[in-house]
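Q: I'm passing along entry-v8.pdb; it holds PDB, C-alpha atoms.
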```pdb
ATOM      1  CA  MET A 430     110.916  68.232 100.966
ATOM      2  CA  THR A 431     107.659  69.992 100.088
ATOM      3  CA  ASP A 432     104.340  68.325  99.351
ATOM      4  CA  LYS A 433     103.419  68.960  95.711
ATOM      5  CA  ASN A 434      99.748  68.804  96.675
ATOM      6  CA  VAL A 435     100.059  71.764  99.062
ATOM      7  CA  ILE A 436      99.257  75.158  97.535
ATOM      8  CA  GLY A 437      99.786  78.647  98.907
ATOM      9  CA  ALA A 438      96.995  80.592 100.581
ATOM     10  CA  GLU A 439      96.842  83.217  97.829
ATOM     11  CA  GLU A 440      96.770  80.601  95.075
ATOM     12  CA  TYR A 441      93.993  78.779  96.937
ATOM     13  CA  MET A 442      91.895  81.940  97.196
ATOM     14  CA  GLU A 443      92.538  82.870  93.568
ATOM     15  CA  GLN A 444      91.160  79.509  92.506
ATOM     16  CA  LEU A 445      87.959  80.128  94.468
ATOM     17  CA  ILE A 446      87.306  83.658  93.226
ATOM     18  CA  GLU A 447      86.455  83.453  89.554
ATOM     19  CA  GLU A 448      86.510  86.583  87.428
ATOM     20  CA  ASP A 449      83.476  87.075  85.233
ATOM     21  CA  GLU A 450      83.716  87.508  81.469
ATOM     22  CA  LEU A 451      83.623  91.310  81.629
ATOM     23  CA  LEU A 452      86.549  91.605  84.050
ATOM     24  CA  LEU A 453      88.559  89.125  81.989
ATOM     25  CA  GLN A 454      87.789  91.196  78.893
ATOM     26  CA  ILE A 455      89.049  94.336  80.627
ATOM     27  CA  LYS A 456      92.303  92.574  81.433
ATOM     28  CA  GLN A 457      92.562  91.509  77.798
ATOM     29  CA  THR A 458      92.123  95.082  76.550
ATOM     30  CA  ILE A 459      94.849  96.235  78.947
ATOM     31  CA  ARG A 460      97.160  93.542  77.616
ATOM     32  CA  GLU A 461      96.381  94.372  73.989
ATOM     33  CA  LYS A 462      97.148  98.061  74.564
ATOM     34  CA  GLY A 463     100.534  97.192  76.066
ATOM     35  CA  MET A 464      99.593  98.788  79.371
ATOM     36  CA  PRO A 465     101.015  97.575  82.706
ATOM     37  CA  GLU A 466      99.112  94.502  83.898
ATOM     38  CA  VAL A 467      98.785  95.732  87.454
ATOM     39  CA  SER A 468      95.032  95.884  88.022
ATOM     40  CA  VAL A 469      93.783  95.151  91.519
ATOM     41  CA  VAL A 470      93.654  91.393  92.192
ATOM     42  CA  PRO A 471      90.213  89.745  91.869
ATOM     43  CA  GLY A 472      89.778  89.192  95.601
ATOM     44  CA  TYR A 473      90.472  92.821  96.403
ATOM     45  CA  GLY A 474      88.300  93.921  93.476
ATOM     46  CA  ARG A 475      85.422  92.044  95.030
ATOM     47  CA  LEU A 476      86.293  93.587  98.394
ATOM     48  CA  LEU A 477      86.015  97.077  96.880
ATOM     49  CA  THR A 478      82.520  96.216  95.664
ATOM     50  CA  MET A 479      81.547  94.947  99.109
ATOM     51  CA  LEU A 480      83.019  97.902 100.992
ATOM     52  CA  ILE A 481      81.094 100.400  98.890
ATOM     53  CA  GLN A 482      77.906  98.407  99.369
ATOM     54  CA  LEU A 483      78.438  98.091 103.127
ATOM     55  CA  SER A 484      79.382 101.745 103.626
ATOM     56  CA  GLY A 485      76.566 103.054 101.450
ATOM     57  CA  ALA A 486      79.034 105.287  99.610
ATOM     58  CA  LYS A 487      77.573 107.482  96.908
ATOM     59  CA  ARG A 488      80.620 109.557  95.931
ATOM     60  CA  VAL A 489      83.860 107.742  95.058
ATOM     61  CA  LEU A 490      87.275 109.195  94.225
ATOM     62  CA  GLU A 491      89.681 106.905  92.390
ATOM     63  CA  ILE A 492      93.320 107.930  92.078
ATOM     64  CA  GLY A 493      94.730 105.886  89.208
ATOM     65  CA  ALA A 494      92.333 104.463  86.636
ATOM     66  CA  LEU A 495      94.559 102.266  84.433
ATOM     67  CA  GLY A 496      92.114 100.307  82.239
ATOM     68  CA  GLY A 497      89.002 100.510  84.386
ATOM     69  CA  TYR A 498      89.137  97.177  86.246
ATOM     70  CA  SER A 499      88.923  98.730  89.715
ATOM     71  CA  GLY A 500      86.469 101.312  88.404
ATOM     72  CA  VAL A 501      84.033  98.594  87.350
ATOM     73  CA  CYS A 502      84.463  96.794  90.680
ATOM     74  CA  MET A 503      83.613  99.965  92.575
ATOM     75  CA  ALA A 504      80.762 100.953  90.269
ATOM     76  CA  ARG A 505      79.188  97.568  90.940
ATOM     77  CA  GLY A 506      78.847  98.559  94.584
ATOM     78  CA  LEU A 507      77.151 101.886  93.849
ATOM     79  CA  GLY A 508      73.483 102.499  93.382
ATOM     80  CA  GLU A 509      72.163 104.261  90.294
ATOM     81  CA  GLU A 510      72.671 107.619  91.994
ATOM     82  CA  GLY A 511      76.332 106.905  92.802
ATOM     83  CA  ARG A 512      79.157 108.718  91.039
ATOM     84  CA  ILE A 513      82.896 108.122  90.562
ATOM     85  CA  VAL A 514      85.514 110.771  89.881
ATOM     86  CA  SER A 515      88.631 109.084  88.507
ATOM     87  CA  LEU A 516      92.037 110.765  88.238
ATOM     88  CA  GLU A 517      94.432 109.448  85.597
ATOM     89  CA  LEU A 518      97.710 110.862  84.307
ATOM     90  CA  GLN A 519      97.676 109.133  80.911
ATOM     91  CA  PRO A 520      94.958 110.182  78.412
ATOM     92  CA  ALA A 521      95.057 106.792  76.672
ATOM     93  CA  TYR A 522      94.501 104.992  79.975
ATOM     94  CA  ALA A 523      91.559 107.221  80.875
ATOM     95  CA  GLN A 524      90.036 106.676  77.436
ATOM     96  CA  LEU A 525      90.286 102.880  77.725
ATOM     97  CA  ALA A 526      88.957 102.954  81.286
ATOM     98  CA  HIS A 527      85.939 104.992  80.191
ATOM     99  CA  GLU A 528      85.302 102.622  77.277
ATOM    100  CA  ASN A 529      85.334  99.687  79.691
ATOM    101  CA  LEU A 530      83.044 101.467  82.159
ATOM    102  CA  ARG A 531      80.617 102.178  79.305
ATOM    103  CA  LEU A 532      80.799  98.533  78.253
ATOM    104  CA  ALA A 533      79.874  97.574  81.821
ATOM    105  CA  GLY A 534      76.928  99.978  81.796
ATOM    106  CA  TYR A 535      78.443 102.601  84.127
ATOM    107  CA  GLY A 536      79.756 105.137  81.613
ATOM    108  CA  ASP A 537      77.370 107.863  82.761
ATOM    109  CA  GLN A 538      78.359 107.434  86.406
ATOM    110  CA  VAL A 539      82.068 108.189  86.039
ATOM    111  CA  GLU A 540      83.982 111.399  85.328
ATOM    112  CA  TYR A 541      87.636 111.223  84.281
ATOM    113  CA  ARG A 542      90.037 114.042  85.038
ATOM    114  CA  VAL A 543      93.257 113.666  83.062
ATOM    115  CA  GLY A 544      96.565 115.080  84.229
ATOM    116  CA  GLU A 545      98.685 115.165  87.352
ATOM    117  CA  ALA A 546      96.641 113.878  90.272
ATOM    118  CA  MET A 547      97.983 116.503  92.665
ATOM    119  CA  LYS A 548      96.635 119.300  90.466
ATOM    120  CA  SER A 549      93.289 117.530  90.095
ATOM    121  CA  LEU A 550      93.077 117.021  93.856
ATOM    122  CA  GLU A 551      93.724 120.706  94.502
ATOM    123  CA  GLN A 552      91.008 121.562  91.999
ATOM    124  CA  LEU A 553      88.557 119.207  93.722
ATOM    125  CA  LYS A 554      89.391 120.898  97.010
ATOM    126  CA  GLU A 555      88.780 124.348  95.524
ATOM    127  CA  GLU A 556      85.444 123.118  94.156
ATOM    128  CA  GLY A 557      84.438 122.005  97.641
ATOM    129  CA  GLN A 558      83.880 118.419  96.556
ATOM    130  CA  ARG A 559      83.558 115.667  99.165
ATOM    131  CA  PHE A 560      83.650 111.894  98.889
ATOM    132  CA  ASP A 561      82.550 108.801 100.786
ATOM    133  CA  PHE A 562      85.108 106.350  99.407
ATOM    134  CA  PHE A 563      88.676 106.655  98.102
ATOM    135  CA  PHE A 564      90.800 104.152  96.213
ATOM    136  CA  ILE A 565      94.504 105.030  95.935
ATOM    137  CA  ASP A 566      96.392 103.050  93.301
ATOM    138  CA  ALA A 567      98.774 105.394  91.500
ATOM    139  CA  ASP A 568     102.401 106.576  91.755
ATOM    140  CA  LYS A 569     103.825 105.561  95.090
ATOM    141  CA  LEU A 570     105.951 108.665  95.648
ATOM    142  CA  ASN A 571     102.762 110.657  96.231
ATOM    143  CA  TYR A 572     100.948 108.135  98.428
ATOM    144  CA  LEU A 573     101.333 110.336 101.506
ATOM    145  CA  ASN A 574     100.054 113.376  99.619
ATOM    146  CA  TYR A 575      97.108 111.369  98.317
ATOM    147  CA  LEU A 576      96.310 110.249 101.846
ATOM    148  CA  ASP A 577      96.371 113.836 103.111
ATOM    149  CA  TYR A 578      94.012 114.943 100.359
ATOM    150  CA  ALA A 579      91.714 111.965 100.947
ATOM    151  CA  ILE A 580      91.344 112.902 104.606
ATOM    152  CA  GLU A 581      90.733 116.531 103.663
ATOM    153  CA  LEU A 582      88.135 115.673 101.002
ATOM    154  CA  ALA A 583      86.399 113.015 103.096
ATOM    155  CA  ASN A 584      82.895 113.092 104.420
ATOM    156  CA  PRO A 585      82.734 111.882 108.043
ATOM    157  CA  GLY A 586      83.018 108.107 108.096
ATOM    158  CA  ALA A 587      84.512 107.878 104.598
ATOM    159  CA  VAL A 588      86.554 104.789 103.735
ATOM    160  CA  ILE A 589      90.063 104.958 102.266
ATOM    161  CA  ALA A 590      91.634 101.967 100.480
ATOM    162  CA  GLY A 591      95.206 101.903  99.187
ATOM    163  CA  ASP A 592      96.777  99.164  97.080
ATOM    164  CA  ASN A 593     100.323  97.769  96.685
ATOM    165  CA  LEU A 594     101.583  98.272 100.238
ATOM    166  CA  LEU A 595     104.288  95.634  99.850
ATOM    167  CA  LEU A 596     105.645  96.768  96.467
ATOM    168  CA  ARG A 597     106.174  93.125  95.537
ATOM    169  CA  GLY A 598     108.328  92.580  98.600
ATOM    170  CA  ARG A 599     110.449  95.720  98.373
ATOM    171  CA  THR A 600     108.737  97.296 101.386
ATOM    172  CA  LEU A 601     109.834  94.308 103.481
ATOM    173  CA  ASN A 602     113.463  94.401 102.365
ATOM    174  CA  LEU A 603     115.273  96.646 104.851
ATOM    175  CA  ASP A 604     118.196  96.949 102.435
ATOM    176  CA  ARG A 605     115.913  98.757  99.981
ATOM    177  CA  ASN A 606     115.341 102.402 100.860
ATOM    178  CA  GLY A 607     114.442 104.207  97.679
ATOM    179  CA  PRO A 608     112.090 107.225  97.828
ATOM    180  CA  ALA A 609     108.994 105.283  96.741
ATOM    181  CA  ILE A 610     109.678 102.504  99.245
ATOM    182  CA  GLN A 611     110.117 104.984 102.085
ATOM    183  CA  ALA A 612     106.932 106.786 101.069
ATOM    184  CA  VAL A 613     104.893 103.581 101.130
ATOM    185  CA  ARG A 614     106.374 102.522 104.471
ATOM    186  CA  GLU A 615     105.337 105.860 105.975
ATOM    187  CA  PHE A 616     101.914 105.565 104.321
ATOM    188  CA  ASN A 617     101.460 102.164 105.955
ATOM    189  CA  ARG A 618     102.523 103.534 109.333
ATOM    190  CA  ARG A 619     100.140 106.452 109.111
ATOM    191  CA  ILE A 620      97.176 104.293 108.084
ATOM    192  CA  VAL A 621      97.364 102.528 111.448
ATOM    193  CA  SER A 622      98.573 105.442 113.618
ATOM    194  CA  ASP A 623      97.005 108.677 112.317
ATOM    195  CA  PRO A 624      94.556 109.850 115.014
ATOM    196  CA  ARG A 625      92.081 110.916 112.335
ATOM    197  CA  LEU A 626      91.774 107.342 111.084
ATOM    198  CA  THR A 627      90.791 103.891 112.219
ATOM    199  CA  GLY A 628      92.908 101.735 109.955
ATOM    200  CA  THR A 629      94.372  98.333 109.298
ATOM    201  CA  LEU A 630      96.610  96.601 106.762
ATOM    202  CA  LEU A 631      95.818  93.410 104.857
ATOM    203  CA  PRO A 632      98.997  91.467 103.984
ATOM    204  CA  ALA A 633      97.645  89.155 101.273
ATOM    205  CA  PHE A 634      98.701  89.542  97.636
ATOM    206  CA  ASP A 635     100.587  92.884  97.393
ATOM    207  CA  GLY A 636      98.942  94.395 100.474
ATOM    208  CA  LEU A 637      95.867  96.585 100.912
ATOM    209  CA  ALA A 638      95.298  99.440 103.368
ATOM    210  CA  LEU A 639      91.843 100.105 104.760
ATOM    211  CA  ALA A 640      90.918 103.053 106.920
ATOM    212  CA  ARG A 641      87.807 104.885 108.082
ATOM    213  CA  VAL A 642      87.935 108.644 108.556
ATOM    214  CA  LYS A 643      86.637 109.513 111.991
ATOM    215  CA  GLY A 644      83.614 111.818 112.151
TER     216      GLY A 644
END
```
Could you render the structure as structure tokens?

A:
Amino acid sequence: MTDKNVIGAEEYMEQLIEEDELLLQIKQTIREKGMPEVSVVPGYGRLLTMLIQLSGAKRVLEIGALGGYSGVCMARGLGEEGRIVSLELQPAYAQLAHENLRLAGYGDQVEYRVGEAMKSLEQLKEEGQRFDFFFIDADKLNYLNYLDYAIELANPGAVIAGDNLLLRGRTLNLDRNGPAIQAVREFNRRIVSDPRLTGTLLPAFDGLALARVKG
């Protein structure tokens, strides 16, 4: 028999971390547009802000913009000279994300590149662009490719964060072996074993990968 007064660890933390009015408004715009309600959880959003502040990152690459929730969280960690390049497949998503970044006062600090992320990443490579922070939160089948590009486009000491490592429990279910699940499992393994990285995995919520690219 369970104690009705006992709450789960994630629920407890969610109650402590309050979202401000702007972030709640972004979620509302996502809902109104009928977009997937899969923005980064508030605790991890705040962690993104902190990591950018702590690392001193000035150039951020976001893979998967959705409605701009994570973009605002990261922009809050940047100084005025900081810039974000955000890759988004859906034009409508990129448009809403940019509107929300402008609403937050960061519209001039973000550049959206619309289309397949793999093509955008190759273009960034050809342009010789480099970044200090990466946030991967897009299609799971390409997570390994995104990781490879992040390492290639990284300045020494850059931080890589990747969301949804658990795929709402599917990663943990050994009877589930679809392509996306296998890709995320290998992504998780490489985060902690790739010799070019110092990495770890956070199991709370839907899982978050954190890694630092060795200099």

Q: Would you compute the distance between CA of Leu490 (chain A) and CA of Glu447 (chain A)? Give it in Å to one decimal.

A: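 So the answer is 26.2 Å.
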
Q: Please write the residues picked by the PyMOL selection byres ((chain A and resi 593) around 10) on this file as a compact mmCIF listing (two decimals) with C-alpha atoms, in the frame of the given file.

A:
```txt
# COMPACT_ATOMS: atom_id res chain seq x y z
CA VAL A 467 98.78 95.73 87.45
CA VAL A 469 93.78 95.15 91.52
CA ILE A 565 94.50 105.03 95.94
CA ASP A 566 96.39 103.05 93.30
CA ALA A 567 98.77 105.39 91.50
CA LYS A 569 103.82 105.56 95.09
CA GLY A 591 95.21 101.90 99.19
CA ASP A 592 96.78 99.16 97.08
CA LEU A 594 101.58 98.27 100.24
CA LEU A 595 104.29 95.63 99.85
CA LEU A 596 105.64 96.77 96.47
CA ARG A 597 106.17 93.12 95.54
CA GLY A 598 108.33 92.58 98.60
CA THR A 600 108.74 97.30 101.39
CA VAL A 613 104.89 103.58 101.13
CA PRO A 632 99.00 91.47 103.98
CA PHE A 634 98.70 89.54 97.64
CA ASP A 635 100.59 92.88 97.39
CA GLY A 636 98.94 94.40 100.47
CA LEU A 637 95.87 96.58 100.91
CA ALA A 638 95.30 99.44 103.37
```

Q: Identify the residues within 6 Å of coordinate (82.7, 113.6, 89.2) (same frame as the file), considering only C-alpha atoms, and give the answer as number ranges by chain.

A: A: 513-514, 540

Q: Which one of A:Ala590, A:Ala533, A:Glu528, A:Arg625 sits closest to Leu477 (chain A) if you count all atoms listed in the file?

A: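 So, comparing all the options, the nearest one is A:Ala590.
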
Q: Name the residues in contact with Asn584 (chain A) at a cut-off of 10 Å, using all atoms listed in the file, excluding same-chain residues fewer than 4 positions from it; report them as an mmCIF file with C-alpha atoms, keeping the file's coordinate frame.

A:
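Okay, result-v9.cif is ready:
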```
data_model
loop_
_atom_site.group_PDB
_atom_site.id
_atom_site.type_symbol
_atom_site.label_atom_id
_atom_site.label_comp_id
_atom_site.auth_asym_id
_atom_site.auth_seq_id
_atom_site.Cartn_x
_atom_site.Cartn_y
_atom_site.Cartn_z
ATOM 1 C CA ALA A 486 79.034 105.287 99.610
ATOM 2 C CA ARG A 488 80.620 109.557 95.931
ATOM 3 C CA GLN A 558 83.880 118.419 96.556
ATOM 4 C CA ARG A 559 83.558 115.667 99.165
ATOM 5 C CA PHE A 560 83.650 111.894 98.889
ATOM 6 C CA ASP A 561 82.550 108.801 100.786
ATOM 7 C CA PHE A 562 85.108 106.350 99.407
ATOM 8 C CA ALA A 579 91.714 111.965 100.947
ATOM 9 C CA ILE A 580 91.344 112.902 104.606
ATOM 10 C CA VAL A 588 86.554 104.789 103.735
ATOM 11 C CA VAL A 642 87.935 108.644 108.556
ATOM 12 C CA LYS A 643 86.637 109.513 111.991
ATOM 13 C CA GLY A 644 83.614 111.818 112.151
#
```

Q: Nearest to Thr627 (chain A) among A:Ala640, A:Cys502, A:Leu452, A:Leu480, with distances taken over all atoms listed in the file: which residue is it?

A: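 Closest residue, counting all atoms listed in the file: A:Ala640.
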
Q: Evaluate the PyMOL selection byres ((chain A and resi 464) around 12) on the structure here and hand back the selected residues as a list in words.

A: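 So the PyMOL selection byres ((chain A and resi 464) around 12), applied here, picks out Ile455, Lys456, Gln457, Thr458, Ile459, Arg460, Glu461, Lys462, Gly463, Pro465, Glu466, Val467, Ser468, Ala494, Leu495, Gly496, Gly497, Gln519, Ala521, Tyr522, Ala523, Leu525 and Ala526 of chain A.
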
Q: Name the residues that the PyMOL selection byres ((chain A and resi 608) around 12) pulls out of this structure, and write them as a list in words.

A: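 When the PyMOL selection byres ((chain A and resi 608) around 12) is applied, the selected residues are Asp568, Lys569, Leu570, Asn571, Tyr572, Leu573, Arg599, Thr600, Arg605, Asn606, Gly607, Ala609, Ile610, Gln611, Ala612, Val613, Arg614 and Glu615 of chain A.
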
Q: Grab all the atoms of region 522-541 of chain A that the file lists, wrap them in a box along x, y and z, add 5 Å per side, and give me centre plus edge lengths in Å (one decimal) as JSON.

A:
```
{"center_x": 85.7, "center_y": 104.5, "center_z": 81.8, "size_x": 27.6, "size_y": 23.8, "size_z": 19.1}
```

Q: CA of Glu581 (chain A) and CA of Gly557 (chain A) are how many Å apart?

A: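 Calculated distance between CA of Glu581 (chain A) and CA of Gly557 (chain A) is 10.3 Å.
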
Q: Please report the interatomic distance between CA of Ala587 (chain A) and CA of Ser622 (chain A) in Å with one decimal.

A: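 Separation of CA of Ala587 (chain A) and CA of Ser622 (chain A): 16.9 Å.
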
Q: Given the choices A:Asp577, A:Glu440, A:Glu545, A:Glu450, which gets closest to Ala633 (chain A) if the distance is worked out from all atoms listed in the file?

A: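 Looking at the shortest contact to Ala633 (chain A), the residue is A:Glu440.
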
Q: Which residue out of A:Arg618, A:Lys554, A:His527, A:Arg505 has the minimum interatomic distance to Leu582 (chain A) when only C-alpha atoms are used?

A: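 Selected residue with least distance to Leu582 (chain A): A:Lys554.
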
Q: With all atoms listed in the file as the atoms that count, which of A:Phe563, A:Gly586, A:Leu532, A:Val543 lies nearest to Met503 (chain A)?

A: A:Phe563

Q: Hey, what's within 10 Å of Thr478 (chain A) if we count all atoms listed in the file and toss same-chain stuff fewer than 2 positions away? As a list of chain:residue names, please?

A: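 Contacts, with the query itself left out: A:Tyr473, A:Gly474, A:Arg475, A:Leu476, A:Leu480, A:Ile481, A:Gln482, A:Leu483, A:Ser499, A:Gly500, A:Val501, A:Cys502, A:Met503, A:Ala504, A:Arg505, A:Gly506, A:Leu507.
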
Q: With a distance cut-off of 12 Å and only C-alpha atoms, select the neighbouring residues of Lys548 (chain A), excluding the residue or stretch itself and same-chain residues fewer than 3 positions from it, and output the selection as a list in words.

A: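 Listed by chain and then number, they are Ile492, Leu516, Glu517, Leu518, Arg542, Val543, Gly544, Glu545, Glu551, Gln552, Leu553, Lys554, Glu555, Asn574, Tyr575 and Tyr578 of chain A.
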
Q: Leu445 (chain A): which residues within 12 Å, counting all atoms listed in the file, same-chain residues fewer than 5 positions away excluded, as a list of chain:residue names?

A: A:Ala438, A:Glu439, A:Glu440, A:Pro471, A:Gly472
